[in-house]
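Enquirer: So here's query20.txt (compact mmCIF, C-alpha atoms).
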```
# COMPACT_ATOMS: atom_id res chain seq x y z
CA MET F 253 -103.45 -94.95 -81.42
CA VAL F 254 -105.08 -92.41 -79.16
CA LYS F 255 -102.68 -90.75 -76.79
CA LYS F 256 -103.03 -92.14 -73.29
CA LEU F 257 -103.89 -89.83 -70.42
CA ILE F 258 -101.45 -89.31 -67.60
CA SER F 259 -103.63 -91.30 -65.22
CA SER F 260 -103.41 -94.39 -67.41
CA LEU F 261 -99.62 -94.43 -67.08
CA THR F 262 -99.49 -93.36 -63.45
CA TYR F 263 -101.88 -95.93 -62.02
CA ARG F 264 -101.90 -98.69 -64.57
CA LYS F 265 -100.42 -101.96 -63.27
CA LEU F 266 -98.72 -102.92 -66.54
CA LEU F 267 -96.59 -100.86 -68.93
CA ILE F 268 -95.91 -102.14 -72.42
CA ALA F 269 -92.45 -101.34 -73.81
CA LEU F 270 -91.37 -101.69 -77.42
CA VAL F 271 -87.65 -102.11 -78.17
CA VAL F 272 -86.76 -101.56 -81.84
CA GLY F 273 -83.45 -103.17 -82.70
CA PHE F 274 -81.73 -105.99 -80.83
CA GLY F 275 -78.03 -105.29 -81.19
CA SER F 276 -75.80 -104.69 -78.18
CA ILE F 277 -77.59 -101.55 -76.96
CA GLY F 278 -81.05 -102.98 -77.66
CA ILE F 279 -80.13 -106.04 -75.61
CA ARG F 280 -78.81 -103.84 -72.79
CA HIS F 281 -82.04 -101.83 -72.64
CA THR F 282 -84.12 -105.02 -72.76
CA LYS F 283 -82.19 -106.51 -69.84
CA ASN F 284 -82.71 -103.33 -67.83
CA LEU F 285 -86.43 -103.26 -68.68
CA LEU F 286 -86.73 -106.87 -67.47
CA LYS F 287 -85.62 -105.68 -64.02
CA LYS F 288 -88.67 -103.41 -63.82
CA PRO F 289 -91.87 -104.70 -62.20
CA ASN F 290 -95.11 -104.74 -64.19
CA MET F 291 -93.38 -104.40 -67.55
CA LYS F 292 -94.34 -106.26 -70.72
CA ILE F 293 -91.64 -106.13 -73.41
CA ILE F 294 -92.06 -106.39 -77.16
CA VAL F 295 -89.02 -106.48 -79.45
CA ASN F 296 -88.85 -105.62 -83.15
CA THR F 297 -85.89 -107.30 -84.85
CA LYS F 298 -84.91 -109.31 -87.92
CA ARG F 299 -82.47 -111.40 -85.90
CA LYS F 300 -83.04 -115.14 -85.90
CA ASN F 301 -80.72 -116.29 -83.11
CA ILE F 302 -82.53 -114.92 -80.07
CA PRO F 303 -81.18 -116.32 -76.77
CA PRO F 304 -83.79 -118.38 -74.86
CA GLU F 305 -83.43 -116.11 -71.82
CA PHE F 306 -85.24 -113.43 -73.86
CA THR F 307 -87.74 -115.54 -75.84
CA LYS F 308 -89.20 -116.79 -72.56
CA LYS F 309 -89.78 -113.27 -71.23
CA CYS F 310 -90.36 -111.05 -74.31
CA LYS F 311 -92.44 -111.18 -77.48
CA PHE F 312 -90.53 -110.84 -80.76
CA PHE F 313 -91.87 -109.55 -84.07
CA ASN F 314 -90.25 -108.90 -87.44
CA GLU F 315 -92.64 -106.10 -88.38
CA ILE F 316 -93.35 -102.83 -86.57
CA SER F 317 -97.04 -103.14 -87.49
CA ASP F 318 -97.30 -106.35 -85.46
CA CYS F 319 -95.63 -104.62 -82.54
CA LEU F 320 -98.13 -101.74 -82.71
CA ASN F 321 -100.99 -104.25 -82.49
CA GLU F 322 -99.74 -105.00 -78.98
CA LYS F 323 -100.51 -101.35 -78.07
CA PRO F 324 -97.18 -100.34 -76.51
CA ASP F 325 -97.00 -97.28 -74.28
CA PHE F 326 -93.49 -96.24 -75.24
CA ALA F 327 -90.62 -97.27 -77.49
CA ILE F 328 -86.85 -97.45 -77.26
CA ILE F 329 -85.37 -96.97 -80.73
CA ALA F 330 -82.05 -98.83 -80.85
CA ASN F 331 -81.70 -99.84 -84.50
CA GLU F 332 -79.12 -98.49 -86.97
CA THR F 333 -78.60 -94.72 -86.92
CA ASN F 334 -79.85 -94.24 -90.50
CA LEU F 335 -83.19 -95.85 -89.50
CA HIS F 336 -83.79 -93.76 -86.36
CA MET F 337 -85.72 -90.96 -88.04
CA SER F 338 -88.14 -93.06 -90.09
CA THR F 339 -88.80 -95.31 -87.10
CA ALA F 340 -89.40 -92.33 -84.81
CA LEU F 341 -91.79 -90.69 -87.30
CA ASN F 342 -93.86 -93.87 -87.52
CA LEU F 343 -94.07 -94.41 -83.77
CA ALA F 344 -94.66 -90.74 -82.96
CA LYS F 345 -97.65 -90.69 -85.33
CA HIS F 346 -99.08 -93.60 -83.35
CA GLY F 347 -98.78 -91.60 -80.13
CA LEU F 348 -95.91 -93.44 -78.46
CA ASP F 349 -93.47 -91.77 -76.13
CA ILE F 350 -90.01 -92.25 -77.58
CA PHE F 351 -86.51 -92.90 -76.30
CA ILE F 352 -84.08 -92.67 -79.26
CA GLU F 353 -80.53 -93.88 -78.92
CA LYS F 354 -77.88 -91.35 -79.90
CA PRO F 355 -77.40 -89.88 -82.43
CA LEU F 356 -80.85 -88.73 -83.50
CA SER F 357 -80.01 -89.51 -87.14
CA ASN F 358 -77.24 -89.23 -89.72
CA SER F 359 -78.87 -86.30 -91.54
CA MET F 360 -81.23 -83.43 -90.84
CA LYS F 361 -83.85 -84.88 -93.19
CA ASP F 362 -87.32 -84.99 -91.57
CA SER F 363 -85.99 -83.68 -88.25
CA LYS F 364 -88.32 -80.68 -88.25
CA LYS F 365 -91.20 -82.92 -89.32
CA LEU F 366 -90.57 -85.15 -86.31
CA GLU F 367 -90.37 -82.10 -84.07
CA ARG F 368 -93.79 -80.94 -85.31
CA ILE F 369 -95.43 -84.34 -84.85
CA VAL F 370 -94.22 -84.83 -81.27
CA ALA F 371 -95.41 -81.32 -80.44
CA GLU F 372 -98.85 -82.05 -81.87
CA LYS F 373 -99.12 -85.47 -80.20
CA LYS F 374 -97.51 -84.26 -76.96
CA ASN F 375 -95.14 -87.24 -76.99
CA ILE F 376 -92.47 -87.40 -74.32
CA THR F 377 -89.16 -87.75 -76.19
CA PHE F 378 -85.61 -88.40 -75.10
CA VAL F 379 -82.38 -88.77 -77.07
CA GLY F 380 -80.34 -91.20 -75.05
CA CYS F 381 -76.87 -89.95 -74.16
CA ASN F 382 -75.93 -92.10 -71.20
CA LEU F 383 -72.88 -90.05 -70.15
CA ARG F 384 -75.28 -87.44 -68.76
CA PHE F 385 -76.02 -90.08 -66.11
CA HIS F 386 -72.39 -90.93 -65.38
CA LYS F 387 -71.91 -89.79 -61.79
CA SER F 388 -68.61 -88.03 -62.56
CA ILE F 389 -70.08 -86.14 -65.51
CA LYS F 390 -73.09 -85.16 -63.38
CA LYS F 391 -70.71 -83.85 -60.71
CA ILE F 392 -68.90 -81.70 -63.28
CA LYS F 393 -72.24 -80.28 -64.40
CA LYS F 394 -73.07 -79.31 -60.81
CA LEU F 395 -69.66 -77.71 -60.24
CA LEU F 396 -70.14 -75.61 -63.37
CA THR F 397 -73.72 -74.69 -62.42
CA ASP F 398 -72.43 -73.59 -59.01
CA LYS F 399 -69.74 -71.48 -60.72
CA GLU F 400 -66.98 -73.17 -58.73
CA ILE F 401 -64.41 -72.22 -61.37
CA GLY F 402 -66.06 -68.98 -62.47
CA ASP F 403 -66.75 -68.47 -66.17
CA VAL F 404 -65.69 -71.22 -68.57
CA LEU F 405 -62.87 -70.03 -70.87
CA TRP F 406 -61.90 -73.21 -72.69
CA VAL F 407 -62.40 -76.96 -72.57
CA ARG F 408 -60.70 -80.05 -73.92
CA ALA F 409 -62.55 -83.38 -74.24
CA GLU F 410 -61.31 -86.73 -75.52
CA SER F 411 -62.92 -90.06 -76.33
CA SER F 412 -60.47 -92.70 -77.56
CA SER F 413 -61.11 -96.40 -78.04
CA TYR F 414 -60.38 -99.27 -80.43
CA LEU F 415 -63.46 -100.18 -82.44
CA PRO F 416 -62.83 -103.98 -82.63
CA ASP F 417 -62.65 -104.06 -78.82
CA TRP F 418 -66.17 -102.68 -78.39
CA HIS F 419 -67.83 -106.07 -78.86
CA PRO F 420 -65.05 -108.68 -79.09
CA ASN F 421 -67.45 -111.52 -79.93
CA ASP F 422 -68.87 -109.67 -82.96
CA ASP F 423 -67.34 -108.76 -86.30
CA TYR F 424 -66.71 -105.02 -86.04
CA ARG F 425 -66.81 -104.70 -89.84
CA LYS F 426 -70.53 -105.49 -89.77
CA SER F 427 -71.38 -102.97 -87.06
CA TYR F 428 -73.28 -99.78 -87.83
CA ALA F 429 -70.31 -97.78 -86.51
CA ALA F 430 -68.08 -99.11 -89.29
CA LYS F 431 -70.31 -98.18 -92.22
CA LYS F 432 -71.14 -94.78 -93.66
CA ILE F 433 -74.47 -95.98 -95.06
CA THR F 434 -75.77 -96.85 -91.59
CA GLY F 435 -74.63 -93.57 -90.03
CA GLY F 436 -71.35 -94.78 -88.62
CA GLY F 437 -68.02 -93.06 -88.19
CA VAL F 438 -66.41 -91.67 -85.06
CA VAL F 439 -68.10 -88.23 -85.23
CA LEU F 440 -71.68 -89.49 -85.04
CA THR F 441 -71.05 -92.72 -83.13
CA CYS F 442 -69.05 -90.96 -80.40
CA ILE F 443 -71.40 -87.98 -80.11
CA HIS F 444 -71.46 -88.28 -76.29
CA GLU F 445 -68.65 -85.79 -75.72
CA LEU F 446 -70.24 -83.17 -77.96
CA ASP F 447 -73.55 -83.69 -76.17
CA TYR F 448 -72.15 -83.18 -72.69
CA LEU F 449 -70.04 -80.19 -73.76
CA MET F 450 -73.18 -78.47 -75.06
CA TRP F 451 -74.95 -79.49 -71.84
CA PHE F 452 -72.11 -77.99 -69.79
CA ILE F 453 -71.43 -74.79 -71.73
CA GLY F 454 -74.24 -74.13 -74.20
CA LYS F 455 -74.73 -73.71 -77.92
CA ILE F 456 -71.80 -74.06 -80.32
CA THR F 457 -71.77 -71.37 -83.01
CA GLU F 458 -68.75 -72.33 -85.12
CA VAL F 459 -66.60 -75.40 -85.80
CA PHE F 460 -63.40 -76.23 -87.63
CA SER F 461 -62.48 -79.89 -87.95
CA ARG F 462 -60.19 -82.42 -89.56
CA ASN F 463 -61.60 -85.94 -89.88
CA GLU F 464 -59.56 -88.75 -91.42
CA LYS F 465 -59.31 -92.50 -91.96
CA LEU F 466 -55.79 -93.23 -90.69
CA SER F 467 -55.84 -96.85 -89.53
CA ASN F 468 -55.97 -100.18 -91.36
CA LEU F 469 -59.38 -100.92 -89.87
CA LYS F 470 -61.75 -102.33 -92.48
CA ILE F 471 -64.27 -99.50 -92.28
CA ASP F 472 -65.41 -96.88 -94.80
CA THR F 473 -65.77 -94.01 -92.34
CA GLU F 474 -63.48 -91.60 -90.52
CA ASP F 475 -61.69 -93.14 -87.53
CA ILE F 476 -60.31 -89.93 -86.04
CA SER F 477 -61.69 -86.41 -85.61
CA CYS F 478 -59.95 -83.32 -84.23
CA SER F 479 -62.17 -80.25 -83.86
CA ILE F 480 -62.01 -76.68 -82.61
CA LEU F 481 -65.32 -75.40 -81.20
CA LYS F 482 -66.53 -71.86 -80.56
CA PHE F 483 -69.34 -71.54 -78.02
CA LYS F 484 -71.98 -68.83 -77.90
CA ASN F 485 -70.46 -67.47 -74.67
CA ASN F 486 -67.11 -67.12 -76.53
CA ALA F 487 -65.49 -70.09 -74.79
CA LEU F 488 -63.29 -72.28 -76.99
CA GLY F 489 -63.21 -76.06 -77.10
CA GLU F 490 -60.95 -78.84 -78.37
CA LEU F 491 -62.69 -82.14 -79.15
CA HIS F 492 -60.75 -85.32 -79.96
CA LEU F 493 -62.49 -88.55 -81.00
CA ASP F 494 -60.95 -91.75 -82.36
CA PHE F 495 -61.47 -95.47 -83.00
CA LEU F 496 -57.71 -96.13 -82.71
CA GLN F 497 -56.49 -96.10 -79.11
CA ARG F 498 -55.83 -99.01 -76.78
CA PRO F 499 -56.64 -99.01 -73.95
CA ASP F 500 -59.75 -96.87 -74.20
CA PHE F 501 -59.60 -93.48 -72.52
CA ARG F 502 -61.90 -90.55 -71.85
CA SER F 503 -61.11 -87.19 -70.31
CA CYS F 504 -62.48 -83.70 -69.83
CA LYS F 505 -60.54 -80.63 -68.72
CA ILE F 506 -62.33 -77.33 -68.18
CA ILE F 507 -60.45 -74.09 -67.53
CA GLY F 508 -62.41 -71.32 -65.86
CA SER F 509 -61.65 -67.78 -64.78
CA SER F 510 -61.02 -68.95 -61.20
CA GLY F 511 -60.03 -72.60 -61.38
CA VAL F 512 -59.78 -75.86 -63.33
CA ILE F 513 -61.90 -79.04 -63.37
CA TYR F 514 -60.41 -82.33 -64.56
CA TRP F 515 -61.76 -85.88 -64.97
CA ASP F 516 -60.53 -88.97 -66.74
CA SER F 517 -61.81 -92.50 -67.09
CA ASN F 518 -58.68 -94.09 -65.59
CA SER F 519 -58.93 -92.52 -62.14
CA ASN F 520 -62.63 -91.60 -62.31
CA ASN F 521 -61.78 -88.68 -60.00
CA VAL F 522 -63.34 -85.28 -60.52
CA LYS F 523 -60.67 -82.82 -59.38
CA LYS F 524 -60.70 -79.07 -59.01
CA PHE F 525 -57.60 -76.91 -58.93
CA ASP F 526 -58.07 -74.28 -56.24
CA VAL F 527 -56.15 -71.18 -57.41
CA GLU F 528 -56.09 -69.66 -53.92
CA LYS F 529 -54.78 -72.78 -52.15
CA LYS F 530 -52.69 -73.66 -55.21
CA ARG F 531 -53.52 -77.35 -55.05
CA TRP F 532 -55.83 -79.98 -56.52
CA ILE F 533 -58.88 -80.99 -54.47
CA THR F 534 -60.83 -84.19 -55.15
CA LYS F 535 -64.49 -83.23 -55.49
CA PHE F 536 -65.88 -86.65 -56.37
CA PHE F 537 -64.68 -90.26 -56.57
CA HIS F 538 -66.84 -93.19 -57.60
CA ALA F 539 -64.87 -96.13 -56.20
CA HIS F 540 -66.98 -99.00 -57.49
CA TYR F 541 -68.13 -97.68 -60.86
CA LYS F 542 -70.23 -100.12 -62.86
CA ARG F 543 -70.91 -99.21 -66.48
CA ASN F 544 -74.55 -100.33 -66.47
CA GLU F 545 -75.47 -97.93 -63.63
CA MET F 546 -75.78 -94.97 -65.97
CA TYR F 547 -78.00 -96.92 -68.37
CA GLU F 548 -80.25 -97.97 -65.49
CA ASP F 549 -80.43 -94.39 -64.20
CA GLU F 550 -81.12 -93.12 -67.72
CA LEU F 551 -84.02 -95.54 -68.16
CA GLU F 552 -85.44 -94.74 -64.72
CA TYR F 553 -85.32 -91.03 -65.56
CA PHE F 554 -87.17 -91.56 -68.86
CA LEU F 555 -89.88 -93.69 -67.23
CA LYS F 556 -90.38 -91.03 -64.55
CA CYS F 557 -90.78 -88.34 -67.23
CA ILE F 558 -93.37 -90.52 -68.99
CA LYS F 559 -95.38 -91.04 -65.83
CA THR F 560 -95.31 -87.39 -64.81
CA ARG F 561 -95.62 -86.08 -68.42
CA THR F 562 -92.51 -83.99 -67.87
CA LYS F 563 -90.28 -82.73 -70.67
CA THR F 564 -86.91 -84.49 -70.63
CA MET F 565 -83.50 -82.79 -70.38
CA ASN F 566 -82.57 -84.00 -73.87
CA ASP F 567 -85.71 -84.04 -75.98
CA ILE F 568 -86.00 -84.15 -79.78
CA SER F 569 -85.47 -80.39 -80.15
CA ASN F 570 -82.24 -80.58 -78.16
CA GLY F 571 -81.13 -83.68 -80.05
CA ILE F 572 -81.59 -81.82 -83.34
CA LYS F 573 -79.18 -79.09 -82.19
CA THR F 574 -76.52 -81.65 -81.24
CA LEU F 575 -76.99 -83.50 -84.53
CA GLU F 576 -76.71 -80.24 -86.48
CA THR F 577 -73.38 -79.53 -84.75
CA SER F 578 -72.05 -83.03 -85.49
CA LEU F 579 -72.95 -82.69 -89.16
CA ALA F 580 -71.21 -79.29 -89.22
CA ILE F 581 -68.05 -81.02 -87.93
CA LEU F 582 -68.26 -83.48 -90.82
CA LYS F 583 -68.93 -80.68 -93.31
CA SER F 584 -66.04 -78.59 -92.00
CA SER F 585 -63.53 -81.34 -92.73
CA LYS F 586 -65.02 -82.09 -96.13
CA ASN F 587 -64.89 -78.42 -97.17
CA ASN F 588 -61.67 -77.65 -95.27
CA SER F 589 -63.33 -74.56 -93.82
CA ARG F 590 -64.87 -73.08 -90.69
CA ILE F 591 -68.59 -73.72 -90.49
CA LYS F 592 -70.96 -71.36 -88.70
CA ILE F 593 -74.01 -72.95 -87.08
```
Give the structure from the file, written as structure tokens.
Expert:
Amino acid sequence: MVKKLISSLTYRKLLIALVVGFGSIGIRHTKNLLKKPNMKIIVNTKRKNIPPEFTKKCKFFNEISDCLNEKPDFAIIANETNLHMSTALNLAKHGLDIFIEKPLSNSMKDSKKLERIVAEKKNITFVGCNLRFHKSIKKIKKLLTDKEIGDVLWVRAESSSYLPDWHPNDDYRKSYAAKKITGGGVVLTCIHELDYLMWFIGKITEVFSRNEKLSNLKIDTEDISCSILKFKNNALGELHLDFLQRPDFRSCKIIGSSGVIYWDSNSNNVKKFDVEKKRWITKFFHAHYKRNEMYEDELEYFLKCIKTRTKTMNDISNGIKTLETSLAILKSSKNNSRIKI
């Protein structure tokens, strides 16, 4: 497929989207695409039980080749993690702009090859990490950019949840997150925290981690990960991830040379401790937070980058760096040693 010119995407009345994979996140992206005007949606899936609400509005194909015959403009890759790379290579070669759900893959294999192809084809690429579009996380990023707490010294981030609660109507044992072969496990599946920490603070140069299977969950991957991170700017980080905790909980605490920033998912407040006034100040509160908002904002951002041919904030090259760090966390625990990146 010949790469389309910017004018064809900017002024064309109809955009053709390809969604690869129709699990929970593929369905979410499809629903959000259906809200967009002038959007034709093609879905690649092996699933048989497609709800009528989708079959009336989208075209479904079992094979990628049949999808490509429809001449899509861009693709959202939302299949199993271990299939992300091969799918992206195929679609990139055909000139499609690509949105890949996190993580980029479960290994570094072919990552540089993909990077070369998208550079040659000038594809717009984006590794989807929806927390970058969470309004509280965005506020923290701005506070750090504005140096409201000076230089970052250390950070602690947590993501805790109970895997069977993710999709109560589905058998968690069959999910990609539960199986090593499909790229599951808490380290890769819950890569969001690592992604936003690197977005906040920068490159991580060294990790030391302990990853275990502690629960009686019927999975063959780690269900808890505790890591120490060393950033390029010498800041230290503590990263906790687990599939064990009920109710689910997320938090981020950042200590700077002149203050502290704190956020958690229970209050959804972003607070700053003012060292001069010696009190906490609420910097942001999202009273009526709806989970799908960040997915809608993420999609809108990607579509805008496609239309303007603008490099995204989290392209393939950036996704490779985050993946490399996640794999170092896994390697550190396996080898019981510090790993330099």
Enquirer: Between atom CA of Trp515 of chain F and atom CA of Ala487 of chain F, measure the distance and give it in Å to one decimal.
Expert: 19.0 Å
Enquirer: Counting only C-alpha atoms, which of F:Leu285, F:Ile568, F:Leu270, F:Met450 gets nearest to Glu550 of chain F?
Expert: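 Result for the nearest residue to Glu550 of chain F: F:Leu285.
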Enquirer: In Å, with one decimal, what is the gap from atom CA of Leu348 of chain F to atom CA of Ser276 of chain F?
Expert: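 One can read the atom CA of Leu348 of chain F to atom CA of Ser276 of chain F distance as 23.0 Å.
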Enquirer: May I ask for the distance between atom CA of Ser413 of chain F and atom CA of Leu446 of chain F, given in Å to one decimal place?
Expert: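 Computing it gives 16.1 Å between the two atoms.
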Enquirer: So, counting all atoms listed in the file, which residue among F:Ile506, F:Ala327, F:Cys381, F:Leu286 is closest to Tyr547 of chain F?
Expert: F:Cys381
Enquirer: Skip Val370 of chain F itself and residues of its chain fewer than 5 positions away, then list as a PyMOL selection string all residues within 10 Å of it, counting only C-alpha atoms.
Expert: chain F and resi 340-341+343-345+347-350+365+375-377+568-569
Enquirer: Nearest to Leu555 of chain F: which of F:Asp422, F:Phe378, F:Glu367, F:Ile279 is it, counting only C-alpha atoms?
Expert: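 Closest residue, counting only C-alpha atoms: F:Phe378.
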Enquirer: If we count only C-alpha atoms, what is near Asp526 of chain F at a cut-off of 10 Å, once residues fewer than 2 positions away on the same chain are taken out, given as a list in words?
Expert: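 With the cut-off at 10 Å, the set is Glu400, Ile401, Ser510, Gly511, Val512, Ile513, Lys523, Lys524, Glu528, Lys529, Lys530, Arg531, Trp532 and Ile533 of chain F.
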Enquirer: Please provide the set of residues having any atom within 10 Å of segment 464-466 of chain F, restricted to all atoms listed in the file, with same-chain residues fewer than 6 positions apart removed, written as a PyMOL selection string.
Expert: chain F and resi 437-438+472-478+494-496+585-586
Enquirer: List as a count of residues only the residues having at least one atom at most 12 Å from position (-67.4, -88.8, -85.4) as given in the file, counting only C-alpha atoms.
Expert: 47
Enquirer: From the set F:Arg408, F:Asp325, F:Lys374, F:Phe313, which residue has the shortest atom-to-atom contact distance to Arg561 of chain F, counting all atoms listed in the file?
Expert: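 With all atoms listed in the file as the atom set, the closest residue is F:Lys374.
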Enquirer: Could you name the residues that touch Leu267 of chain F at 7 Å or less, counting all atoms listed in the file, but leaving out those on the same chain fewer than 2 positions away, as a list in words?
Expert: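 The contact residues come out as Lys265, Ala269, Asn290, Met291, Lys292 and Asp325 of chain F.
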Enquirer: Nearest residue to Cys557 of chain F out of F:Asn588, F:Lys426, F:Phe351, F:Leu488, using only C-alpha atoms?
Expert: F:Phe351
Enquirer: For Asp423 of chain F, which residue out of F:Cys310, F:Ile480, F:Ile471, F:Ala409 is the nearest one, using only C-alpha atoms?
Expert: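 Smallest distance to Asp423 of chain F is found for F:Ile471.
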Enquirer: Got a sec: who's within 9 Å of Lys311 of chain F, counting all atoms listed in the file, leaving out chain neighbours fewer than 3 positions off, as a ChimeraX atom specification?
Expert: /F:292-296,306-308,319
Enquirer: Can you patch up segment 467-475 of chain F, filling it in to all heavy atoms, and show the result as a PDB file, in the coordinates of the input?
Expert:
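As a result, part13.pdb now contains:
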```pdb
ATOM      1  N   SER F 467     -56.235 -95.495 -89.924  1.00  0.00           N
ATOM      2  CA  SER F 467     -55.840 -96.850 -89.530  1.00  0.00           C
ATOM      3  C   SER F 467     -56.035 -97.841 -90.683  1.00  0.00           C
ATOM      4  O   SER F 467     -56.511 -97.491 -91.766  1.00  0.00           O
ATOM      5  CB  SER F 467     -56.694 -97.302 -88.348  1.00  0.00           C
ATOM      6  OG  SER F 467     -58.027 -97.547 -88.784  1.00  0.00           O
ATOM      7  N   ASN F 468     -55.698 -99.109 -90.398  1.00  0.00           N
ATOM      8  CA  ASN F 468     -55.970-100.180 -91.360  1.00  0.00           C
ATOM      9  C   ASN F 468     -57.247-100.932 -91.019  1.00  0.00           C
ATOM     10  O   ASN F 468     -57.488-102.045 -91.503  1.00  0.00           O
ATOM     11  CB  ASN F 468     -54.787-101.154 -91.426  1.00  0.00           C
ATOM     12  CG  ASN F 468     -54.491-101.802 -90.067  1.00  0.00           C
ATOM     13  OD1 ASN F 468     -55.171-101.529 -89.071  1.00  0.00           O
ATOM     14  ND2 ASN F 468     -53.480-102.654 -90.019  1.00  0.00           N
ATOM     15  N   LEU F 469     -58.085-100.317 -90.164  1.00  0.00           N
ATOM     16  CA  LEU F 469     -59.380-100.920 -89.870  1.00  0.00           C
ATOM     17  C   LEU F 469     -60.206-101.023 -91.148  1.00  0.00           C
ATOM     18  O   LEU F 469     -60.177-100.138 -91.995  1.00  0.00           O
ATOM     19  CB  LEU F 469     -60.147-100.061 -88.839  1.00  0.00           C
ATOM     20  CG  LEU F 469     -59.612-100.031 -87.413  1.00  0.00           C
ATOM     21  CD1 LEU F 469     -60.387 -99.016 -86.580  1.00  0.00           C
ATOM     22  CD2 LEU F 469     -59.689-101.409 -86.765  1.00  0.00           C
ATOM     23  N   LYS F 470     -60.949-102.109 -91.276  1.00  0.00           N
ATOM     24  CA  LYS F 470     -61.750-102.330 -92.480  1.00  0.00           C
ATOM     25  C   LYS F 470     -63.111-101.654 -92.332  1.00  0.00           C
ATOM     26  O   LYS F 470     -64.138-102.298 -92.139  1.00  0.00           O
ATOM     27  CB  LYS F 470     -61.880-103.819 -92.749  1.00  0.00           C
ATOM     28  CG  LYS F 470     -60.546-104.476 -93.122  1.00  0.00           C
ATOM     29  CD  LYS F 470     -60.693-105.956 -93.364  1.00  0.00           C
ATOM     30  CE  LYS F 470     -59.403-106.527 -93.934  1.00  0.00           C
ATOM     31  NZ  LYS F 470     -58.249-106.348 -93.047  1.00  0.00           N
ATOM     32  N   ILE F 471     -63.068-100.320 -92.378  1.00  0.00           N
ATOM     33  CA  ILE F 471     -64.270 -99.500 -92.280  1.00  0.00           C
ATOM     34  C   ILE F 471     -64.226 -98.455 -93.391  1.00  0.00           C
ATOM     35  O   ILE F 471     -63.156 -98.165 -93.933  1.00  0.00           O
ATOM     36  CB  ILE F 471     -64.383 -98.812 -90.899  1.00  0.00           C
ATOM     37  CG1 ILE F 471     -63.208 -97.833 -90.676  1.00  0.00           C
ATOM     38  CG2 ILE F 471     -64.417 -99.845 -89.777  1.00  0.00           C
ATOM     39  CD1 ILE F 471     -63.276 -97.078 -89.357  1.00  0.00           C
ATOM     40  N   ASP F 472     -65.388 -97.898 -93.740  1.00  0.00           N
ATOM     41  CA  ASP F 472     -65.410 -96.880 -94.800  1.00  0.00           C
ATOM     42  C   ASP F 472     -65.777 -95.507 -94.261  1.00  0.00           C
ATOM     43  O   ASP F 472     -66.324 -94.670 -94.962  1.00  0.00           O
ATOM     44  CB  ASP F 472     -66.348 -97.297 -95.942  1.00  0.00           C
ATOM     45  CG  ASP F 472     -67.815 -97.352 -95.529  1.00  0.00           C
ATOM     46  OD1 ASP F 472     -68.128 -97.021 -94.362  1.00  0.00           O
ATOM     47  OD2 ASP F 472     -68.654 -97.705 -96.372  1.00  0.00           O
ATOM     48  N   THR F 473     -65.467 -95.278 -92.990  1.00  0.00           N
ATOM     49  CA  THR F 473     -65.770 -94.010 -92.340  1.00  0.00           C
ATOM     50  C   THR F 473     -64.494 -93.424 -91.736  1.00  0.00           C
ATOM     51  O   THR F 473     -63.450 -94.083 -91.687  1.00  0.00           O
ATOM     52  CB  THR F 473     -66.796 -94.190 -91.205  1.00  0.00           C
ATOM     53  OG1 THR F 473     -66.163 -94.953 -90.157  1.00  0.00           O
ATOM     54  CG2 THR F 473     -68.034 -94.917 -91.686  1.00  0.00           C
ATOM     55  N   GLU F 474     -64.601 -92.189 -91.240  1.00  0.00           N
ATOM     56  CA  GLU F 474     -63.480 -91.600 -90.520  1.00  0.00           C
ATOM     57  C   GLU F 474     -63.265 -92.348 -89.205  1.00  0.00           C
ATOM     58  O   GLU F 474     -64.217 -92.805 -88.573  1.00  0.00           O
ATOM     59  CB  GLU F 474     -63.735 -90.107 -90.260  1.00  0.00           C
ATOM     60  CG  GLU F 474     -64.661 -89.768 -89.106  1.00  0.00           C
ATOM     61  CD  GLU F 474     -66.152 -89.960 -89.402  1.00  0.00           C
ATOM     62  OE1 GLU F 474     -66.495 -90.198 -90.573  1.00  0.00           O
ATOM     63  OE2 GLU F 474     -66.964 -89.848 -88.453  1.00  0.00           O
ATOM     64  N   ASP F 475     -61.982 -92.495 -88.817  1.00  0.00           N
ATOM     65  CA  ASP F 475     -61.690 -93.140 -87.530  1.00  0.00           C
ATOM     66  C   ASP F 475     -61.024 -92.195 -86.542  1.00  0.00           C
ATOM     67  O   ASP F 475     -60.700 -92.588 -85.425  1.00  0.00           O
ATOM     68  CB  ASP F 475     -60.840 -94.400 -87.717  1.00  0.00           C
ATOM     69  CG  ASP F 475     -59.551 -94.171 -88.501  1.00  0.00           C
ATOM     70  OD1 ASP F 475     -59.083 -93.012 -88.540  1.00  0.00           O
ATOM     71  OD2 ASP F 475     -59.028 -95.141 -89.087  1.00  0.00           O
TER      72      ASP F 475
END
```
